[in-house]
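K.L.:
work04.pdb is the file, holding PDB, C-alpha atoms and all ligand atoms:
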ATOM      1  CA  MET A   1      11.881 -37.279  32.185
ATOM      2  CA  PRO A   2      13.168 -35.023  34.965
ATOM      3  CA  VAL A   3      10.948 -32.379  36.505
ATOM      4  CA  ILE A   4      11.186 -29.181  38.496
ATOM      5  CA  GLU A   5       8.058 -28.832  40.602
ATOM      6  CA  CYS A   6       6.885 -26.156  43.026
ATOM      7  CA  GLY A   7       6.193 -26.952  46.693
ATOM      8  CA  CYS A   8       2.394 -26.977  46.353
ATOM      9  CA  GLY A   9       2.426 -29.111  43.222
ATOM     10  CA  HIS A  10       0.556 -26.711  40.924
ATOM     11  CA  CYS A  11       3.539 -25.869  38.729
ATOM     12  CA  LYS A  12       5.721 -28.354  36.959
ATOM     13  CA  LEU A  13       8.373 -28.098  34.260
ATOM     14  CA  THR A  14       9.364 -31.307  32.486
ATOM     15  CA  LEU A  15      12.889 -31.048  31.127
ATOM     16  CA  ALA A  16      14.590 -32.582  28.135
ATOM     17  CA  GLU A  17      17.841 -33.319  30.020
ATOM     18  CA  ASP A  18      18.195 -34.909  33.440
ATOM     19  CA  ARG A  19      21.681 -33.643  34.267
ATOM     20  CA  PRO A  20      22.718 -30.025  34.843
ATOM     21  CA  ARG A  21      25.218 -28.519  32.405
ATOM     22  CA  MET A  22      26.996 -26.826  35.327
ATOM     23  CA  SER A  23      26.554 -25.774  38.928
ATOM     24  CA  LEU A  24      27.901 -23.012  41.184
ATOM     25  CA  TYR A  25      27.735 -21.663  44.677
ATOM     26  CA  CYS A  26      26.415 -18.126  44.403
ATOM     27  CA  ALA A  27      26.905 -15.719  47.309
ATOM     28  CA  CYS A  28      25.397 -12.700  45.526
ATOM     29  CA  LYS A  29      22.975 -10.345  47.214
ATOM     30  CA  ASP A  30      20.291 -10.811  44.583
ATOM     31  CA  CYS A  31      20.023 -14.600  44.911
ATOM     32  CA  ARG A  32      19.717 -14.211  48.688
ATOM     33  CA  GLN A  33      17.219 -11.384  48.403
ATOM     34  CA  ALA A  34      14.992 -13.217  45.930
ATOM     35  CA  LEU A  35      14.989 -16.388  48.039
ATOM     36  CA  LYS A  36      14.240 -14.449  51.199
ATOM     37  CA  TRP A  37      11.476 -12.458  49.493
ATOM     38  CA  ALA A  38       9.923 -15.743  48.365
ATOM     39  CA  ALA A  39      10.344 -17.354  51.800
ATOM     40  CA  LYS A  40       8.429 -14.488  53.433
ATOM     41  CA  ARG A  41       5.513 -15.386  51.193
ATOM     42  CA  GLY A  42       5.533 -19.128  51.796
ATOM     43  CA  GLY A  43       8.577 -20.387  49.894
ATOM     44  CA  LYS A  44      11.207 -22.553  51.579
ATOM     45  CA  THR A  45      13.641 -20.926  54.013
ATOM     46  CA  PRO A  46      16.838 -20.079  52.096
ATOM     47  CA  VAL A  47      20.006 -22.086  52.661
ATOM     48  CA  ASP A  48      23.036 -19.998  53.718
ATOM     49  CA  LEU A  49      24.836 -20.336  50.410
ATOM     50  CA  PRO A  50      22.602 -21.233  47.446
ATOM     51  CA  GLN A  51      23.858 -23.805  44.952
ATOM     52  CA  PRO A  52      22.112 -23.080  41.654
ATOM     53  CA  MET A  53      22.029 -25.709  38.911
ATOM     54  CA  TYR A  54      22.068 -24.744  35.240
ATOM     55  CA  MET A  55      19.845 -26.852  33.028
ATOM     56  CA  ARG A  56      19.649 -26.951  29.258
ATOM     57  CA  SER A  57      16.839 -24.529  28.346
ATOM     58  CA  ASP A  58      14.590 -27.111  26.748
ATOM     59  CA  ILE A  59      11.235 -27.691  28.457
ATOM     60  CA  SER A  60       9.115 -30.458  26.986
ATOM     61  CA  ALA A  61       5.982 -29.816  29.086
ATOM     62  CA  VAL A  62       4.633 -27.061  31.358
ATOM     63  CA  GLU A  63       1.890 -27.629  33.933
ATOM     64  CA  GLY A  64       0.220 -24.915  35.993
ATOM     65  CA  GLN A  65       1.295 -22.034  33.799
ATOM     66  CA  ASP A  66      -1.652 -19.953  35.089
ATOM     67  CA  SER A  67      -0.037 -20.080  38.574
ATOM     68  CA  MET A  68       3.359 -18.882  37.323
ATOM     69  CA  ARG A  69       4.522 -15.300  37.325
ATOM     70  CA  ALA A  70       7.770 -13.634  36.220
ATOM     71  CA  PHE A  71       9.488 -11.209  38.605
ATOM     72  CA  GLN A  72      12.475  -8.874  38.620
ATOM     73  CA  LEU A  73      13.942  -7.464  41.819
ATOM     74  CA  ARG A  74      14.177  -3.925  40.431
ATOM     75  CA  ALA A  75      14.464  -2.021  37.177
ATOM     76  CA  PRO A  76      16.624  -2.216  35.232
ATOM     77  CA  ALA A  77      17.313  -5.891  35.948
ATOM     78  CA  ARG A  78      19.047  -8.653  34.101
ATOM     79  CA  SER A  79      17.759 -11.698  35.992
ATOM     80  CA  THR A  80      14.109 -12.675  35.597
ATOM     81  CA  ARG A  81      12.744 -15.242  38.049
ATOM     82  CA  VAL A  82       9.632 -17.369  37.688
ATOM     83  CA  PHE A  83       7.676 -18.179  40.854
ATOM     84  CA  CYS A  84       4.573 -20.156  41.724
ATOM     85  CA  THR A  85       2.062 -17.525  42.873
ATOM     86  CA  LYS A  86       0.487 -20.011  45.323
ATOM     87  CA  CYS A  87       3.538 -21.289  47.240
ATOM     88  CA  TYR A  88       6.350 -18.931  46.110
ATOM     89  CA  SER A  89       8.735 -21.644  45.026
ATOM     90  CA  ILE A  90      11.237 -20.280  42.507
ATOM     91  CA  LEU A  91      10.983 -22.478  39.434
ATOM     92  CA  GLY A  92      13.836 -20.959  37.461
ATOM     93  CA  VAL A  93      15.869 -17.899  36.541
ATOM     94  CA  ASP A  94      16.882 -16.446  33.185
ATOM     95  CA  HIS A  95      19.786 -14.042  32.620
ATOM     96  CA  PRO A  96      21.081 -12.654  29.305
ATOM     97  CA  ALA A  97      24.501 -14.246  30.002
ATOM     98  CA  TYR A  98      22.889 -17.691  29.693
ATOM     99  CA  ALA A  99      22.341 -16.918  25.980
ATOM    100  CA  GLY A 100      19.167 -19.008  25.870
ATOM    101  CA  ASN A 101      21.263 -22.153  26.230
ATOM    102  CA  VAL A 102      20.624 -22.806  29.915
ATOM    103  CA  PHE A 103      18.455 -21.555  32.760
ATOM    104  CA  MET A 104      19.195 -21.694  36.449
ATOM    105  CA  PHE A 105      17.206 -23.159  39.323
ATOM    106  CA  PHE A 106      17.684 -23.695  43.059
ATOM    107  CA  PRO A 107      17.143 -27.370  43.962
ATOM    108  CA  ASP A 108      16.836 -26.478  47.663
ATOM    109  CA  HIS A 109      13.808 -24.297  46.948
ATOM    110  CA  CYS A 110      11.598 -26.557  44.849
ATOM    111  CA  GLU A 111      11.016 -30.267  44.276
ATOM    112  CA  THR A 112      13.063 -32.038  41.640
ATOM    113  CA  ASP A 113      14.381 -35.389  40.515
ATOM    114  CA  VAL A 114      17.163 -33.824  38.430
ATOM    115  CA  ASP A 115      20.501 -35.594  39.014
ATOM    116  CA  LEU A 116      22.188 -33.210  41.449
ATOM    117  CA  SER A 117      25.498 -35.064  41.754
ATOM    118  CA  ILE A 118      27.428 -32.578  39.580
ATOM    119  CA  LYS A 119      30.324 -30.878  41.323
ATOM    120  CA  PRO A 120      30.037 -27.080  41.488
ATOM    121  CA  SER A 121      32.553 -25.328  39.199
ATOM    122  CA  ALA A 122      33.154 -22.269  41.389
ATOM    123  CA  LEU A 123      32.002 -20.120  44.264
ATOM    124  CA  ILE A 124      31.160 -16.633  43.011
ATOM    125  CA  HIS A 125      30.405 -13.271  44.643
ATOM    126  CA  MET A 126      32.156 -14.143  47.894
ATOM    127  CA  GLU A 127      32.562 -10.371  48.454
ATOM    128  CA  SER A 128      28.820 -10.260  49.169
ATOM    129  CA  TYR A 129      28.744 -13.134  51.637
ATOM    130  CA  PRO A 130      28.283 -12.260  55.297
ATOM    131  CA  GLY A 131      30.983 -14.220  57.155
ATOM    132  CA  ALA A 132      33.149 -17.200  56.234
ATOM    133  CA  ALA A 133      32.101 -19.820  53.688
ATOM    134  CA  PRO A 134      30.167 -22.764  55.154
ATOM    135  CA  PRO A 135      32.486 -25.698  55.988
ATOM    136  CA  ASP A 136      30.957 -28.120  53.472
ATOM    137  CA  ILE A 137      32.215 -26.141  50.459
ATOM    138  CA  PRO A 138      34.846 -28.196  48.579
ATOM    139  CA  ASP A 139      38.277 -26.596  49.008
ATOM    140  CA  ASP A 140      39.472 -27.336  45.471
ATOM    141  CA  ILE A 141      37.094 -25.065  43.548
ATOM    142  CA  PRO A 142      37.919 -21.489  42.554
ATOM    143  CA  VAL A 143      36.484 -18.828  44.843
ATOM    144  CA  TYR A 144      35.891 -15.380  43.346
ATOM    145  CA  GLN A 145      36.173 -12.678  45.966
ATOM    146  CA  ASN A 146      35.787  -9.531  43.940
ATOM    147  CA  TRP A 147      33.265  -9.434  41.145
ATOM    148  CA  ASP A 148      34.190  -5.837  40.289
ATOM    149  CA  ASP A 149      37.605  -7.070  39.201
ATOM    150  CA  PRO A 150      37.403  -7.881  35.464
ATOM    151  CA  LYS A 151      40.179 -10.475  35.956
ATOM    152  CA  ASP A 152      37.908 -12.448  38.252
ATOM    153  CA  ARG A 153      35.049 -12.440  35.767
ATOM    154  CA  GLU A 154      37.347 -13.295  32.874
ATOM    155  CA  ALA A 155      38.842 -16.252  34.739
ATOM    156  CA  TYR A 156      35.368 -17.423  35.727
ATOM    157  CA  LEU A 157      34.082 -17.328  32.152
ATOM    158  CA  LYS A 158      37.059 -19.431  31.027
ATOM    159  CA  ILE A 159      36.138 -22.380  33.254
ATOM    160  CA  PRO A 160      35.240 -25.002  30.611
ATOM    161  CA  ASP A 161      31.796 -26.002  31.993
ATOM    162  CA  ILE A 162      30.814 -22.369  32.356
ATOM    163  CA  ALA A 163      32.106 -21.301  28.933
ATOM    164  CA  ALA A 164      30.177 -24.192  27.362
ATOM    165  CA  ALA A 165      26.961 -23.406  29.237
ATOM    166  CA  PHE A 166      26.975 -19.659  28.552
ATOM    167  CA  ARG A 167      26.984 -19.703  24.781
ATOM    168  CA  ALA A 168      24.221 -19.813  22.231
ATOM    169  CA  PRO A 169      22.788 -23.319  21.814
ATOM    170  CA  GLU A 170      24.259 -25.363  18.990
ATOM    171  CA  ILE A 171      20.981 -27.224  18.561
ATOM    172  CA  PRO A 172      17.668 -25.383  19.065
ATOM    173  CA  ALA A 173      15.426 -26.625  21.866
ATOM    174  CA  LEU A 174      12.911 -29.264  20.824
ATOM    175  CA  GLY A 175      10.460 -27.914  23.371
ATOM    176  CA  GLN A 176      10.000 -24.469  24.882
ATOM    177  CA  THR A 177      12.947 -22.460  26.173
ATOM    178  CA  PHE A 178      12.797 -20.907  29.643
ATOM    179  CA  LYS A 179      12.905 -17.475  28.005
ATOM    180  CA  GLY A 180       9.964 -18.538  25.828
ATOM    181  CA  LEU A 181       8.065 -19.491  28.984
ATOM    182  CA  ILE A 182       8.778 -16.066  30.521
ATOM    183  CA  ASP A 183       7.515 -14.378  27.353
ATOM    184  CA  ALA A 184       4.350 -16.495  27.491
ATOM    185  CA  LEU A 185       3.674 -15.401  31.099
ATOM    186  CA  GLY A 186       3.149 -11.804  30.020
ATOM    187  CA  GLU A 187       4.022  -8.737  32.049
ATOM    188  CA  ILE A 188       7.016  -9.054  34.361
ATOM    189  CA  GLU A 189       6.313  -7.820  37.895
ATOM    190  CA  VAL A 190       9.040  -5.447  39.146
ATOM    191  CA  LEU A 191       9.442  -5.561  42.932
ATOM    192  CA  ASN A 192      11.508  -2.362  43.311
ATOM    193  CA  LEU A 193      13.614  -3.825  46.141
ATOM    194  CA  GLU A 194      16.686  -1.864  47.149
ATOM    195  CA  ILE A 195      19.973  -3.661  46.326
ATOM    196  CA  GLY A 196      21.001  -5.831  49.257
ATOM    197  CA  ALA A 197      17.966  -4.926  51.341
ATOM    198  CA  TYR A 198      16.085  -7.818  52.800
ATOM    199  CA  PRO A 199      12.363  -7.522  52.388
ATOM    200  CA  ASP A 200      10.266  -7.520  55.551
TER     201      ASP A 200
HETATM  202 ZN    ZN B   1       3.233 -23.868  44.075
HETATM  203 ZN    ZN B   2      23.484 -15.114  42.762
END
Rewrite the coordinates I just gave you, this time as structure tokens.

P.N.:
Amino acid sequence: MPVIECGCGHCKLTLAEDRPRMSLYCACKDCRQALKWAAKRGGKTPVDLPQPMYMRSDISAVEGQDSMRAFQLRAPARSTRVFCTKCYSILGVDHPAYAGNVFMFFPDHCETDVDLSIKPSALIHMESYPGAAPPDIPDDIPVYQNWDDPKDREAYLKIPDIAAAFRAPEIPALGQTFKGLIDALGEIEVLNLEIGAYPD
């Protein structure tokens, strides 16, 4: 079964499904900030434009739970990220919009044998990206330039893969959900980082 593993090998999530339900390019400030914060503490150097993968939230086995910790960038926050406290790999991210059906992870910032061949459905939050999009981005995917425009968000949520991923699961997880894992980790550490500020 497919795994998401941290860089030092202490933490490992074994997943029920080996293919992502969807994928994106995300240019938002918070993804960049979280990856950079982690990199300063030993995590992998962030790629310019992260490509998160969204996996079914069904975890059949957890290893190294005592080395995992849940973080939020500030309060109030919607995204909760789980890191390895030894190597600062990000293992996954939960957000209320995922409705407990999926969770997100960054394959460039951990070790995984998940099938990563899925084509990204969109590029979001381009308004927050410093400069032009990297040249390897496919030119036939929708690019959302203005997340404050409700029309952009509405169009994004109508993309079939995204609509299907962001709804309550039709079949409950056989194993633990990612949200269940976060709950089991106890208190969430709040980093109090200013929006868009890169940590030193
Ligand atoms: Zn680790
Ligand atoms: Zn993001």

K.L.:
What residues have any atom no more than 9 Å from ligand ZN 1 (chain B) when counting all atoms listed in the file, and can you list them as a PDB file with C-alpha atoms, keeping the file's coordinate frame?

P.N.:
ATOM      1  CA  GLU A   5       8.058 -28.832  40.602  1.00  0.00           C
ATOM      2  CA  CYS A   6       6.885 -26.156  43.026  1.00  0.00           C
ATOM      3  CA  GLY A   7       6.193 -26.952  46.693  1.00  0.00           C
ATOM      4  CA  CYS A   8       2.394 -26.977  46.353  1.00  0.00           C
ATOM      5  CA  GLY A   9       2.426 -29.111  43.222  1.00  0.00           C
ATOM      6  CA  HIS A  10       0.556 -26.711  40.924  1.00  0.00           C
ATOM      7  CA  CYS A  11       3.539 -25.869  38.729  1.00  0.00           C
ATOM      8  CA  LYS A  12       5.721 -28.354  36.959  1.00  0.00           C
ATOM      9  CA  GLY A  43       8.577 -20.387  49.894  1.00  0.00           C
ATOM     10  CA  GLY A  64       0.220 -24.915  35.993  1.00  0.00           C
ATOM     11  CA  SER A  67      -0.037 -20.080  38.574  1.00  0.00           C
ATOM     12  CA  MET A  68       3.359 -18.882  37.323  1.00  0.00           C
ATOM     13  CA  PHE A  83       7.676 -18.179  40.854  1.00  0.00           C
ATOM     14  CA  CYS A  84       4.573 -20.156  41.724  1.00  0.00           C
ATOM     15  CA  THR A  85       2.062 -17.525  42.873  1.00  0.00           C
ATOM     16  CA  LYS A  86       0.487 -20.011  45.323  1.00  0.00           C
ATOM     17  CA  CYS A  87       3.538 -21.289  47.240  1.00  0.00           C
ATOM     18  CA  TYR A  88       6.350 -18.931  46.110  1.00  0.00           C
ATOM     19  CA  SER A  89       8.735 -21.644  45.026  1.00  0.00           C
ATOM     20  CA  ILE A  90      11.237 -20.280  42.507  1.00  0.00           C
ATOM     21  CA  CYS A 110      11.598 -26.557  44.849  1.00  0.00           C
TER      22      CYS A 110
END

K.L.:
Please check which protein, DNA or RNA residues sit within 9 Å of ligand ZN 2 (chain B), counting only C-alpha atoms and all ligand atoms, and write them as a VMD selection string.

P.N.:
chain A and resid 25 to 32 50 to 52 124 to 125

K.L.:
Selection from above, C-alpha atoms, as a short mmCIF file (atom, residue, chain, number, x, y, z; two decimals), in the coordinates of the input, can you write it?

P.N.:
data_model
loop_
_atom_site.label_atom_id
_atom_site.label_comp_id
_atom_site.auth_asym_id
_atom_site.auth_seq_id
_atom_site.Cartn_x
_atom_site.Cartn_y
_atom_site.Cartn_z
CA TYR A 25 27.74 -21.66 44.68
CA CYS A 26 26.42 -18.13 44.40
CA ALA A 27 26.90 -15.72 47.31
CA CYS A 28 25.40 -12.70 45.53
CA LYS A 29 22.98 -10.34 47.21
CA ASP A 30 20.29 -10.81 44.58
CA CYS A 31 20.02 -14.60 44.91
CA ARG A 32 19.72 -14.21 48.69
CA PRO A 50 22.60 -21.23 47.45
CA GLN A 51 23.86 -23.80 44.95
CA PRO A 52 22.11 -23.08 41.65
CA ILE A 124 31.16 -16.63 43.01
CA HIS A 125 30.40 -13.27 44.64
#

K.L.:
Go through range 20-97 of chain A and flag each residue having an atom no more than 10 Å from range 159-163 of chain A; for those, report the closest pair of atoms plus their distance in Å to one decimal, using all atoms listed in the file, ordered by chain and rising number, as JSON lines.

P.N.:
{"residue": "A:Arg21", "atom": "CA", "partner": "A:Asp161", "partner_atom": "CA", "distance": 7.1}
{"residue": "A:Met22", "atom": "CA", "partner": "A:Asp161", "partner_atom": "CA", "distance": 5.9}
{"residue": "A:Ser23", "atom": "CA", "partner": "A:Ile162", "partner_atom": "CA", "distance": 8.5}
{"residue": "A:Leu24", "atom": "CA", "partner": "A:Ile162", "partner_atom": "CA", "distance": 9.3}
{"residue": "A:Tyr54", "atom": "CA", "partner": "A:Ile162", "partner_atom": "CA", "distance": 9.5}

K.L.:
Please return as a ChimeraX atom specification every residue within 12 Å of (7.6, -20.2, 30.4), taking into account all atoms listed in the file and the file's own coordinates.

P.N.:
/A:11-14,57-70,80-84,91-94,103,175-186,188

K.L.:
Could you list the residues chosen by the PyMOL selection byres (((chain A and resi 34) around 10) and not hetatm) in this structure as a ChimeraX atom specification?

P.N.:
/A:29-33,35-39,46,71-73,81,90,191,193,198-199

K.L.:
Quick one: distance from CA of Val47 in chain A to CA of Asp108 in chain A in Å, one decimal?

P.N.:
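For CA of Val47 in chain A relative to CA of Asp108 in chain A, the distance reads 7.4 Å.
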
K.L.:
Could you work out an axis-aligned bounding box for all listed atoms of range 100-110 of chain A, with 4 Å added on each of the six sides, and give its centre and edge lengths in Å to one decimal, as lines of an AutoDock Vina configuration file?

P.N.:
center_x = 16.4
center_y = -23.2
center_z = 36.8
size_x = 17.7
size_y = 16.4
size_z = 29.8

K.L.:
Would you please work out which residue, of A:Arg167, A:Arg74, A:Lys151, A:His95, is nearest to Gly196 in chain A when using only C-alpha atoms?

P.N.:
A:Arg74

K.L.:
Given the file shown, determine the residues that the PyMOL selection byres (((chain A and resi 168) around 12) and not hetatm) selects; report them as a PDB file with C-alpha atoms, keeping the file's coordinate frame.

P.N.:
ATOM      1  CA  ARG A  56      19.649 -26.951  29.258  1.00  0.00           C
ATOM      2  CA  SER A  57      16.839 -24.529  28.346  1.00  0.00           C
ATOM      3  CA  PRO A  96      21.081 -12.654  29.305  1.00  0.00           C
ATOM      4  CA  ALA A  97      24.501 -14.246  30.002  1.00  0.00           C
ATOM      5  CA  TYR A  98      22.889 -17.691  29.693  1.00  0.00           C
ATOM      6  CA  ALA A  99      22.341 -16.918  25.980  1.00  0.00           C
ATOM      7  CA  GLY A 100      19.167 -19.008  25.870  1.00  0.00           C
ATOM      8  CA  ASN A 101      21.263 -22.153  26.230  1.00  0.00           C
ATOM      9  CA  VAL A 102      20.624 -22.806  29.915  1.00  0.00           C
ATOM     10  CA  ALA A 163      32.106 -21.301  28.933  1.00  0.00           C
ATOM     11  CA  ALA A 164      30.177 -24.192  27.362  1.00  0.00           C
ATOM     12  CA  ALA A 165      26.961 -23.406  29.237  1.00  0.00           C
ATOM     13  CA  PHE A 166      26.975 -19.659  28.552  1.00  0.00           C
ATOM     14  CA  ARG A 167      26.984 -19.703  24.781  1.00  0.00           C
ATOM     15  CA  PRO A 169      22.788 -23.319  21.814  1.00  0.00           C
ATOM     16  CA  GLU A 170      24.259 -25.363  18.990  1.00  0.00           C
ATOM     17  CA  ILE A 171      20.981 -27.224  18.561  1.00  0.00           C
ATOM     18  CA  PRO A 172      17.668 -25.383  19.065  1.00  0.00           C
ATOM     19  CA  ALA A 173      15.426 -26.625  21.866  1.00  0.00           C
TER      20      ALA A 173
END

K.L.:
Using CA of Trp147 in chain A and CA of Asp115 in chain A as the two end points, give the distance in Å to one decimal.

P.N.:
29.2 Å
